[in-house]
>>> print(open('data-v1.cif').read())   # mmCIF, C-alpha atoms
data_start
loop_
_atom_site.label_atom_id
_atom_site.label_comp_id
_atom_site.auth_asym_id
_atom_site.auth_seq_id
_atom_site.Cartn_x
_atom_site.Cartn_y
_atom_site.Cartn_z
CA MET A 1 -26.37 29.05 140.96
CA PRO A 2 -24.31 32.17 141.84
CA LEU A 3 -20.80 32.48 140.41
CA SER A 4 -17.61 33.93 141.86
CA ILE A 5 -16.53 36.54 139.31
CA LEU A 6 -13.29 38.54 139.16
CA GLN A 7 -13.37 41.59 136.88
CA ILE A 8 -9.86 42.80 136.00
CA ALA A 9 -9.52 46.61 135.86
CA THR A 10 -5.89 46.95 136.91
CA ALA A 11 -4.90 48.79 133.72
CA PHE A 12 -6.89 51.95 134.44
CA PRO A 13 -5.45 54.89 136.39
CA GLY A 14 -8.33 57.21 135.45
CA TRP A 15 -11.87 57.07 134.13
CA GLY A 16 -13.44 56.43 130.74
CA GLY A 17 -15.99 54.38 128.85
CA THR A 18 -14.39 50.99 129.47
CA GLU A 19 -14.03 51.68 133.18
CA LEU A 20 -17.71 52.59 133.40
CA HIS A 21 -18.60 49.46 131.42
CA ILE A 22 -16.72 47.24 133.90
CA LEU A 23 -18.37 48.89 136.90
CA ASN A 24 -21.88 48.80 135.42
CA LEU A 25 -21.44 45.15 134.44
CA SER A 26 -20.15 44.29 137.93
CA ASP A 27 -23.01 46.15 139.57
CA GLN A 28 -25.63 44.35 137.50
CA LEU A 29 -24.05 40.95 138.11
CA LYS A 30 -23.97 41.60 141.85
CA LYS A 31 -27.67 42.55 141.78
CA ARG A 32 -28.32 39.15 140.17
CA GLY A 33 -26.80 37.42 143.18
CA HIS A 34 -23.28 36.73 141.98
CA LYS A 35 -20.19 37.28 144.11
CA VAL A 36 -18.29 39.95 142.20
CA PHE A 37 -14.83 41.43 142.80
CA VAL A 38 -13.16 44.27 140.91
CA ALA A 39 -9.37 44.03 140.79
CA CYS A 40 -8.01 47.57 140.44
CA ARG A 41 -5.13 49.84 141.32
CA PRO A 42 -5.27 51.25 144.87
CA ASP A 43 -6.30 54.91 145.21
CA CYS A 44 -7.39 55.24 141.58
CA TRP A 45 -10.73 56.34 140.13
CA VAL A 46 -12.04 52.80 139.52
CA GLU A 47 -11.47 51.82 143.14
CA GLY A 48 -13.19 54.95 144.48
CA ARG A 49 -16.18 54.63 142.20
CA ALA A 50 -16.50 50.89 142.86
CA LYS A 51 -16.63 51.55 146.59
CA GLU A 52 -19.32 54.21 146.06
CA MET A 53 -21.31 51.49 144.26
CA ASN A 54 -20.74 49.06 147.16
CA LEU A 55 -18.67 46.73 144.99
CA ASP A 56 -15.91 44.62 146.53
CA THR A 57 -12.49 45.73 145.33
CA VAL A 58 -9.18 43.89 145.38
CA PRO A 59 -5.90 45.89 145.27
CA PHE A 60 -3.82 44.58 142.36
CA LYS A 61 -1.35 46.29 140.08
CA VAL A 62 -0.52 45.20 136.56
CA MET A 63 1.27 48.31 135.34
CA ASN A 64 2.22 46.92 131.95
CA TYR A 65 1.99 43.86 129.74
CA HIS A 66 4.72 41.87 131.52
CA ASP A 67 4.31 43.17 135.10
CA THR A 68 4.28 40.17 137.44
CA GLN A 69 4.70 42.05 140.75
CA ASP A 70 1.27 41.03 142.12
CA MET A 71 0.85 37.71 140.33
CA LYS A 72 1.49 35.64 143.46
CA GLN A 73 -1.21 37.56 145.36
CA LEU A 74 -3.56 37.27 142.40
CA ARG A 75 -3.20 33.50 142.28
CA ALA A 76 -3.73 33.27 146.03
CA PHE A 77 -6.89 35.37 145.78
CA ILE A 78 -8.26 33.19 142.96
CA ARG A 79 -7.75 30.10 145.12
CA GLN A 80 -9.17 31.70 148.24
CA GLU A 81 -12.37 32.93 146.57
CA GLU A 82 -12.70 29.90 144.28
CA VAL A 83 -13.07 32.19 141.29
CA ASP A 84 -15.25 30.72 138.53
CA VAL A 85 -14.86 33.56 136.03
CA LEU A 86 -11.88 35.82 135.31
CA HIS A 87 -12.76 38.63 132.90
CA THR A 88 -10.14 41.03 131.49
CA HIS A 89 -10.77 44.18 129.47
CA TRP A 90 -7.57 45.96 128.38
CA ASN A 91 -4.26 45.34 126.63
CA SER A 92 -1.87 45.85 129.52
CA ASP A 93 -3.71 43.48 131.84
CA ILE A 94 -4.41 40.71 129.35
CA LEU A 95 -1.35 38.52 129.78
CA ILE A 96 -0.54 38.26 133.50
CA PRO A 97 -4.10 37.78 134.88
CA ALA A 98 -4.83 35.27 132.12
CA PHE A 99 -1.77 33.21 133.01
CA ALA A 100 -2.77 33.37 136.69
CA GLY A 101 -6.25 32.14 135.79
CA LEU A 102 -4.82 29.38 133.61
CA GLN A 103 -2.44 28.21 136.35
CA GLU A 104 -5.27 28.16 138.90
CA SER A 105 -7.60 26.31 136.48
CA VAL A 106 -10.28 29.02 136.35
CA LYS A 107 -12.93 27.50 134.12
CA ALA A 108 -14.11 30.67 132.39
CA ARG A 109 -11.32 33.02 131.30
CA ILE A 110 -12.93 35.78 129.25
CA MET A 111 -11.28 38.62 127.38
CA SER A 112 -13.40 41.57 126.24
CA ARG A 113 -11.93 43.62 123.40
CA HIS A 114 -13.00 47.28 123.46
CA LEU A 115 -10.58 48.55 120.79
CA PRO A 116 -10.87 48.29 116.99
CA TYR A 117 -7.20 47.53 116.40
CA PRO A 118 -5.65 44.13 115.61
CA PHE A 119 -3.00 42.76 117.95
CA ARG A 120 0.58 43.43 116.91
CA ASN A 121 1.16 39.93 115.60
CA LYS A 122 -0.87 36.82 114.86
CA ALA A 123 1.14 34.75 117.31
CA GLY A 124 -0.34 36.82 120.12
CA GLY A 125 -3.87 36.40 118.79
CA MET A 126 -3.40 32.65 118.52
CA LEU A 127 -2.01 32.48 122.07
CA TYR A 128 -4.98 34.39 123.47
CA SER A 129 -7.75 32.51 121.70
CA ARG A 130 -6.26 29.01 121.78
CA LEU A 131 -4.64 28.86 125.21
CA LEU A 132 -5.10 31.76 127.63
CA PHE A 133 -8.79 32.52 127.17
CA THR A 134 -11.72 30.16 126.90
CA ARG A 135 -13.77 32.83 125.13
CA MET A 136 -13.37 36.33 123.71
CA VAL A 137 -15.98 39.10 123.55
CA ALA A 138 -15.89 41.77 120.84
CA VAL A 139 -18.02 44.86 121.45
CA SER A 140 -18.96 45.08 117.76
CA ASN A 141 -18.66 43.09 114.55
CA SER A 142 -15.94 45.47 113.38
CA VAL A 143 -13.89 44.61 116.49
CA LYS A 144 -14.42 40.89 115.84
CA LYS A 145 -13.00 41.33 112.34
CA ALA A 146 -9.89 42.92 113.85
CA LEU A 147 -9.50 40.02 116.27
CA VAL A 148 -9.81 37.43 113.51
CA LEU A 149 -7.24 39.35 111.44
CA SER A 150 -4.98 39.07 114.50
CA GLY A 151 -5.05 35.28 114.37
CA CYS A 152 -7.86 34.71 116.88
CA ASN A 153 -10.15 31.75 116.28
CA ALA A 154 -13.39 33.23 114.92
CA ASP A 155 -15.42 30.45 116.54
CA LYS A 156 -14.23 31.57 119.96
CA VAL A 157 -15.23 35.24 119.53
CA ASP A 158 -18.72 36.38 120.54
CA VAL A 159 -20.08 39.80 119.60
CA ILE A 160 -21.83 41.46 122.54
CA HIS A 161 -22.41 45.17 122.07
CA HIS A 162 -22.18 47.51 125.01
CA GLY A 163 -25.55 48.26 126.55
CA THR A 164 -27.22 51.42 127.84
CA ASP A 165 -29.08 51.69 131.14
CA ILE A 166 -32.31 52.66 129.41
CA PRO A 167 -34.25 53.69 132.56
CA SER A 168 -31.54 56.33 133.15
CA PHE A 169 -32.15 57.75 129.67
CA ASN A 170 -35.91 58.20 129.55
CA PRO A 171 -36.88 61.19 127.40
CA LYS A 172 -39.02 63.95 128.86
CA GLU A 173 -42.15 65.02 127.05
CA VAL A 174 -41.54 68.71 127.87
CA VAL A 175 -38.36 70.50 126.79
CA ASP A 176 -36.29 71.81 129.72
CA GLU A 177 -35.78 75.42 128.68
CA GLU A 178 -33.60 76.17 131.70
CA MET A 179 -31.22 73.39 130.71
CA ARG A 180 -31.13 74.64 127.12
CA ALA A 181 -30.32 78.15 128.34
CA SER A 182 -27.55 76.82 130.62
CA LEU A 183 -25.97 75.13 127.59
CA GLY A 184 -25.98 78.38 125.63
CA ILE A 185 -28.72 77.29 123.24
CA ALA A 186 -30.34 80.37 121.73
CA PRO A 187 -34.14 80.56 122.05
CA GLY A 188 -35.87 79.15 118.99
CA SER A 189 -32.76 77.57 117.55
CA VAL A 190 -32.05 73.94 116.65
CA ALA A 191 -29.50 72.53 119.09
CA VAL A 192 -26.74 70.33 117.65
CA GLY A 193 -24.46 68.65 120.17
CA ILE A 194 -21.24 66.66 120.38
CA ILE A 195 -20.44 64.89 123.65
CA GLY A 196 -17.15 63.36 124.69
CA ARG A 197 -13.43 63.86 124.99
CA ILE A 198 -12.18 66.75 122.86
CA ALA A 199 -9.47 64.91 120.95
CA PRO A 200 -8.40 64.64 117.28
CA GLU A 201 -10.15 61.31 116.66
CA LYS A 202 -13.54 62.55 117.84
CA GLY A 203 -14.16 64.85 114.87
CA HIS A 204 -14.65 68.26 116.52
CA HIS A 205 -12.67 69.91 113.73
CA THR A 206 -14.98 68.34 111.15
CA LEU A 207 -18.07 69.50 113.02
CA LEU A 208 -16.86 73.11 113.10
CA ASP A 209 -15.96 73.00 109.40
CA ALA A 210 -19.44 71.59 108.71
CA ALA A 211 -21.07 74.31 110.84
CA SER A 212 -19.42 76.95 108.68
CA LEU A 213 -20.99 75.33 105.59
CA VAL A 214 -24.54 74.77 106.90
CA LYS A 215 -27.18 76.83 105.17
CA ALA A 216 -30.34 75.47 106.74
CA GLY A 217 -32.38 78.67 106.83
CA VAL A 218 -33.03 78.17 110.54
CA PRO A 219 -30.94 79.32 113.53
CA ILE A 220 -28.62 76.60 114.88
CA SER A 221 -26.75 76.45 118.18
CA TYR A 222 -23.79 74.10 118.56
CA VAL A 223 -22.99 72.64 121.99
CA ILE A 224 -19.62 71.02 122.73
CA VAL A 225 -19.77 68.94 125.90
CA GLY A 226 -16.55 67.60 127.41
CA SER A 227 -12.90 68.51 127.76
CA GLY A 228 -9.62 67.20 126.43
CA PRO A 229 -6.27 67.92 124.80
CA ASP A 230 -7.74 69.64 121.72
CA GLU A 231 -10.00 72.06 123.58
CA ASP A 232 -7.85 75.17 123.06
CA LEU A 233 -7.46 74.36 119.36
CA ILE A 234 -11.20 73.88 118.94
CA ARG A 235 -11.99 77.13 120.75
CA LYS A 236 -9.50 78.95 118.52
CA LYS A 237 -10.93 77.37 115.38
CA ALA A 238 -14.50 78.36 116.32
CA THR A 239 -13.35 81.98 116.57
CA GLU A 240 -11.36 81.82 113.33
CA LEU A 241 -14.45 80.51 111.50
CA GLY A 242 -16.61 83.28 113.00
CA LEU A 243 -18.71 80.76 114.92
CA GLN A 244 -18.03 82.07 118.44
CA ASP A 245 -21.61 83.33 118.80
CA HIS A 246 -23.07 79.98 117.72
CA VAL A 247 -20.79 77.50 119.55
CA HIS A 248 -20.98 77.00 123.32
CA PHE A 249 -18.42 75.00 125.32
CA ALA A 250 -20.24 73.31 128.19
CA GLY A 251 -17.23 71.54 129.72
CA TYR A 252 -17.43 68.21 131.50
CA ARG A 253 -20.98 67.28 132.53
CA ALA A 254 -22.12 64.35 134.65
CA ASP A 255 -25.81 64.92 133.83
CA ILE A 256 -25.54 63.48 130.32
CA ALA A 257 -29.21 62.39 130.07
CA GLU A 258 -30.39 65.91 130.84
CA VAL A 259 -27.87 67.39 128.40
CA ILE A 260 -28.96 65.09 125.58
CA GLY A 261 -32.59 65.83 126.42
CA ALA A 262 -31.93 69.51 125.75
CA LEU A 263 -30.49 68.84 122.28
CA ASP A 264 -32.33 68.35 119.00
CA ILE A 265 -29.57 66.50 117.13
CA VAL A 266 -26.64 64.44 118.44
CA THR A 267 -23.48 64.18 116.34
CA VAL A 268 -20.69 61.60 116.64
CA PRO A 269 -18.38 62.62 113.76
CA SER A 270 -15.47 60.37 114.78
CA ASN A 271 -12.74 59.76 112.24
CA TRP A 272 -11.48 56.59 113.96
CA GLU A 273 -13.22 53.23 114.06
CA GLU A 274 -15.42 53.97 117.07
CA PRO A 275 -16.05 50.43 118.44
CA CYS A 276 -19.41 50.89 120.20
CA SER A 277 -20.19 54.49 121.10
CA ALA A 278 -22.18 54.95 124.30
CA VAL A 279 -23.26 58.42 123.17
CA ILE A 280 -24.94 56.99 120.07
CA GLN A 281 -27.00 54.61 122.19
CA GLN A 282 -27.77 57.30 124.76
CA GLY A 283 -28.87 59.74 122.08
CA MET A 284 -31.19 57.19 120.51
CA ALA A 285 -32.54 56.23 123.95
CA MET A 286 -33.42 59.90 124.48
CA ARG A 287 -35.27 59.89 121.14
CA LYS A 288 -32.74 62.10 119.40
CA PRO A 289 -31.64 61.54 115.80
CA VAL A 290 -27.92 60.77 115.68
CA ILE A 291 -25.46 61.60 112.92
CA GLY A 292 -22.51 59.18 112.89
CA THR A 293 -19.73 58.16 110.54
CA LEU A 294 -19.39 55.13 108.29
CA VAL A 295 -16.60 53.49 110.30
CA GLY A 296 -16.21 50.98 113.10
CA GLY A 297 -19.26 49.82 115.00
CA THR A 298 -21.31 52.97 114.35
CA PRO A 299 -23.17 51.58 111.29
CA GLU A 300 -24.15 48.58 113.45
CA MET A 301 -26.18 50.92 115.66
CA ILE A 302 -27.45 53.75 113.45
CA VAL A 303 -29.82 52.73 110.66
CA ASP A 304 -29.17 55.34 107.98
CA GLY A 305 -32.31 57.28 107.12
CA GLU A 306 -34.29 55.57 109.86
CA THR A 307 -32.75 56.30 113.29
CA GLY A 308 -30.37 58.98 112.05
CA LEU A 309 -27.85 59.61 109.29
CA LEU A 310 -24.44 58.18 108.39
CA VAL A 311 -21.74 60.21 106.64
CA PRO A 312 -18.13 59.54 105.63
CA PRO A 313 -15.50 60.53 108.22
CA ASP A 314 -13.57 63.78 107.71
CA ASP A 315 -16.21 65.05 105.26
CA PRO A 316 -17.49 68.48 106.41
CA ARG A 317 -19.75 68.90 103.36
CA ALA A 318 -21.57 65.60 103.95
CA LEU A 319 -21.92 66.38 107.66
CA ALA A 320 -23.23 69.87 106.86
CA ASP A 321 -25.84 68.37 104.53
CA ALA A 322 -26.92 65.90 107.22
CA ILE A 323 -27.25 68.67 109.82
CA SER A 324 -29.21 70.83 107.36
CA ARG A 325 -31.59 67.99 106.57
CA LEU A 326 -32.35 67.21 110.20
CA ALA A 327 -32.49 70.87 111.22
CA THR A 328 -35.14 71.68 108.64
CA ASP A 329 -37.19 68.46 108.67
CA THR A 330 -38.86 68.30 112.09
CA SER A 331 -41.02 65.36 111.01
CA PHE A 332 -37.94 63.27 110.14
CA ARG A 333 -36.28 64.29 113.41
CA THR A 334 -39.29 63.04 115.36
CA LYS A 335 -39.62 59.77 113.44
CA ALA A 336 -35.88 59.07 113.69
CA GLY A 337 -35.97 59.71 117.42
CA VAL A 338 -38.84 57.29 117.98
CA ALA A 339 -37.20 54.64 115.80
CA GLY A 340 -33.91 55.08 117.63
CA ARG A 341 -35.51 54.56 121.02
CA SER A 342 -37.15 51.35 119.79
CA ARG A 343 -33.86 50.11 118.36
CA VAL A 344 -31.95 50.67 121.61
CA GLU A 345 -34.66 48.95 123.64
CA ALA A 346 -34.58 45.94 121.33
CA ASN A 347 -30.83 45.62 120.77
CA PHE A 348 -28.65 47.70 123.08
CA SER A 349 -30.04 47.66 126.61
CA LEU A 350 -27.78 47.17 129.61
CA SER A 351 -29.96 44.33 130.88
CA GLY A 352 -29.77 42.60 127.49
CA MET A 353 -25.98 42.93 127.44
CA VAL A 354 -25.71 41.46 130.96
CA ASP A 355 -28.05 38.60 129.96
CA LYS A 356 -25.65 37.63 127.18
CA ILE A 357 -22.50 37.94 129.28
CA GLU A 358 -24.04 36.04 132.18
CA ALA A 359 -25.14 33.27 129.80
CA LEU A 360 -21.58 33.11 128.44
CA TYR A 361 -20.21 32.77 131.97
CA TYR A 362 -22.58 29.89 132.71
CA GLU A 363 -21.78 28.19 129.42
CA GLN A 364 -18.03 28.40 130.04
CA THR A 365 -18.22 27.21 133.64
CA GLY A 366 -20.66 24.39 132.89
CA ARG A 367 -22.89 25.70 135.68
CA LYS A 368 -26.63 26.36 135.54
#
>>> encode(input="data-v1.cif", output="C-alpha cells")
Amino acid sequence: MPLSILQIATAFPGWGGTELHILNLSDQLKKRGHKVFVACRPDCWVEGRAKEMNLDTVPFKVMNYHDTQDMKQLRAFIRQEEVDVLHTHWNSDILIPAFAGLQESVKARIMSRHLPYPFRNKAGGMLYSRLLFTRMVAVSNSVKKALVLSGCNADKVDVIHHGTDIPSFNPKEVVDEEMRASLGIAPGSVAVGIIGRIAPEKGHHTLLDAASLVKAGVPISYVIVGSGPDEDLIRKKATELGLQDHVHFAGYRADIAEVIGALDIVTVPSNWEEPCSAVIQQGMAMRKPVIGTLVGGTPEMIVDGETGLLVPPDDPRALADAISRLATDTSFRTKAGVAGRSRVEANFSLSGMVDKIEALYYEQTGRK
C-alpha cells in the first residue's frame, strides 16, 4: 500500500551530500509508487533540483532550531495530505517539524542523523528518541554511538548506511585517455585523486605532504577535484612543496563517475569522523582501490588490505606508504578494485538503502 511521505529539507540553502541523499531517496520512493513531498525553502537549490526530478515540493521555511513561522502551514499540509511519514535530516529542522508531526499524530516520525557529533546535551537526545521521533536512523555505526552518547535510546536507533546508485557507477573496461588528459594526468603515470570540498577537514594538506614523501619509483599524477574555502591555500602549498607539475586542480565536476574512472587510486584522507562518505562507495563501485582514514564510518566501508587501505588521520608518512604500495603493486590495485565493487553491490547500493528505509516506514506506520 502506498504511503504519503514528507521529506523535510528546509534547513538547506545550498547543495551537498545530504541534500542529494534526500532527493535520491525521494525519487526512489516515488518510483515505488509512494506519494512523496519535499519540504524546502523557496528558490533554493533543493527546490530547483527537486523540480528537475519531477518531485513535488512544498514551500516551507525553518530557518533555525526554534523558527515557528511556517508551523501553522506545515500542520495544515500534514492534515490535508494525510501524511503517514515525516522524515527530517538536519539539526535546524529537527524540532519544529517533529512537533508538528507529533501534534498531527503522524504515525512514523523519523530522524536521520548525517553528522558524527553528539547533541549538545542528553536532555535533547532523550526528548528526540523518547517523544518526538518514533525512530532514528544513523548513517553509520559511529554515528549511532554518538547518538547513544547523547542520551538517545539505542533500541530506537537503526543503522542504515547511505547507498550508491550502482548503475550510474559502472566501470569501463577501456581507459578513457581523453578524460585522463583533461584532468592533467601525465601519460604513463599512476593517477591519484581526491574528490570533494576543499576544506580543512578533508585532508588536502595531508595528501600534499604525503605526495612530497612518496618514493614509488613510478610517475604519479595527483588530481584535486572540487572547490572550497581552502583552495588558494592548497594551491600555494603545492607550489611551496615543488609539486606544481604533478598536481592538477580540476575544479567542480558533475561527471564524477567519469572522473573516478580515469583515476587509478582514490584517496579520502579526512581528519574528521566522516560519517558515510559517498566518494568511498563511488570509488569502490568503479573498481578503484580507496585509501581512507581510521575514523568515523570509513572503516565500516573499506576493508583494510582487501578493498583498499586504511591509515591514521593527519599522518602524511602513512598515507605516502599507502600510495606507494598501491602505485607499485598493480595486481593488488586490480584485486582491491574487484573486491570493492563486490562489497558495494552487497552492502551499499541505493536500492538496498531504500529497501531498508521503506521497510522502516511500513513498520512504523503499521501498514503493509
>>> atom_distance(input="data-v1.cif", atom1="CA of Cys44 in chain A", atom2="CA of Leu20 in chain A")
13.4 Å
>>> resolve_selection(input="data-v1.cif", expression="the PyMOL selection byres ((chain A and resi 289) around 7)", output="PyMOL selection string")
chain A and resi 265-266+284+287-288+290-291+307-308+333+336-337
>>> residues_around(input="data-v1.cif", residues="Asp27 in chain A", least_positions_apart="4", cutoff="9 Å", atoms="only C-alpha atoms", output="PyMOL selection string")
chain A and resi 22-23+31-32+36+50+53-55
>>> atom_distance(input="data-v1.cif", atom1="CA of Gly101 in chain A", atom2="CA of Leu6 in chain A")
10.1 Å
>>> residues_around(input="data-v1.cif", residues="Gln103 in chain A", least_positions_apart="6", cutoff="10 Å", atoms="only C-alpha atoms", output="MDAnalysis selection string")
chainID A and resid 75 97 132
>>> resolve_selection(input="data-v1.cif", expression="the PyMOL selection byres ((chain A and resi 5) around 9)", output="ChimeraX atom specification")
/A:3-4,6-7,26,29,34-38,83-87
>>> residues_around(input="data-v1.cif", residues="Leu208 in chain A", least_positions_apart="6", cutoff="8 Å", atoms="all atoms listed in the file", output="JSON, numbers by chain")
{"A": [237, 238, 241]}
>>> closest_residue(input="data-v1.cif", among="A:Asn170, A:Thr239, A:Ser212, A:Thr293", to="Arg341 in chain A", atoms="all atoms listed in the file")
A:Asn170
>>> resolve_selection(input="data-v1.cif", expression="the PyMOL selection byres ((chain A and resi 273-277) around 6)", output="PyMOL selection string")
chain A and resi 116+272+278-280+295-297
>>> residues_around(input="data-v1.cif", residues="His66 in chain A", least_positions_apart="3", cutoff="12 Å", atoms="only C-alpha atoms", output="list in words")
Lys61, Val62, Met63, Gln69, Asp70, Met71, Asn91, Ser92, Asp93, Ile94, Leu95, Ile96, Pro97, Ala98 and Phe99 of chain A
>>> write_last_selection(input="data-v1.cif", atoms="C-alpha atoms", output="compact mmCIF listing (two decimals), in the frame of the given file")
# COMPACT_ATOMS: atom_id res chain seq x y z
CA LYS A 61 -1.35 46.29 140.08
CA VAL A 62 -0.52 45.20 136.56
CA MET A 63 1.27 48.31 135.34
CA GLN A 69 4.70 42.05 140.75
CA ASP A 70 1.27 41.03 142.12
CA MET A 71 0.85 37.71 140.33
CA ASN A 91 -4.26 45.34 126.63
CA SER A 92 -1.87 45.85 129.52
CA ASP A 93 -3.71 43.48 131.84
CA ILE A 94 -4.41 40.71 129.35
CA LEU A 95 -1.35 38.52 129.78
CA ILE A 96 -0.54 38.26 133.50
CA PRO A 97 -4.10 37.78 134.88
CA ALA A 98 -4.83 35.27 132.12
CA PHE A 99 -1.77 33.21 133.01
>>> residues_around(input="data-v1.cif", residues="range 196-203 of chain A", least_positions_apart="2", cutoff="10 Å", atoms="only C-alpha atoms", output="VMD selection string")
chain A and resid 16 to 17 194 205 to 209 224 to 234 251 to 253 267 to 274 278 to 279 293 313 to 316
>>> atom_distance(input="data-v1.cif", atom1="CA of Met1 in chain A", atom2="CA of Glu82 in chain A")
14.1 Å
>>> closest_residue(input="data-v1.cif", among="A:Val159, A:Leu326, A:Ala339, A:Leu263", to="Val143 in chain A", atoms="all atoms listed in the file")
A:Val159
>>> closest_residue(input="data-v1.cif", among="A:Leu310, A:Asp165, A:Met353, A:Tyr117", to="Thr298 in chain A", atoms="all atoms listed in the file")
A:Leu310
>>> residues_near_point(input="data-v1.cif", point="(-10.3, 48.7, 146.1)", cutoff="9 Å", atoms="only C-alpha atoms", output="number ranges by chain")
A: 38-44, 46-48, 50-51, 55-60
>>> closest_residue(input="data-v1.cif", among="A:Val214, A:Ala123, A:Ile195, A:Ala11", to="Leu147 in chain A", atoms="only C-alpha atoms")
A:Ala123
>>> closest_residue(input="data-v1.cif", among="A:Ala138, A:Ala320, A:Leu74, A:Met126", to="Ile220 in chain A", atoms="all atoms listed in the file")
A:Ala320
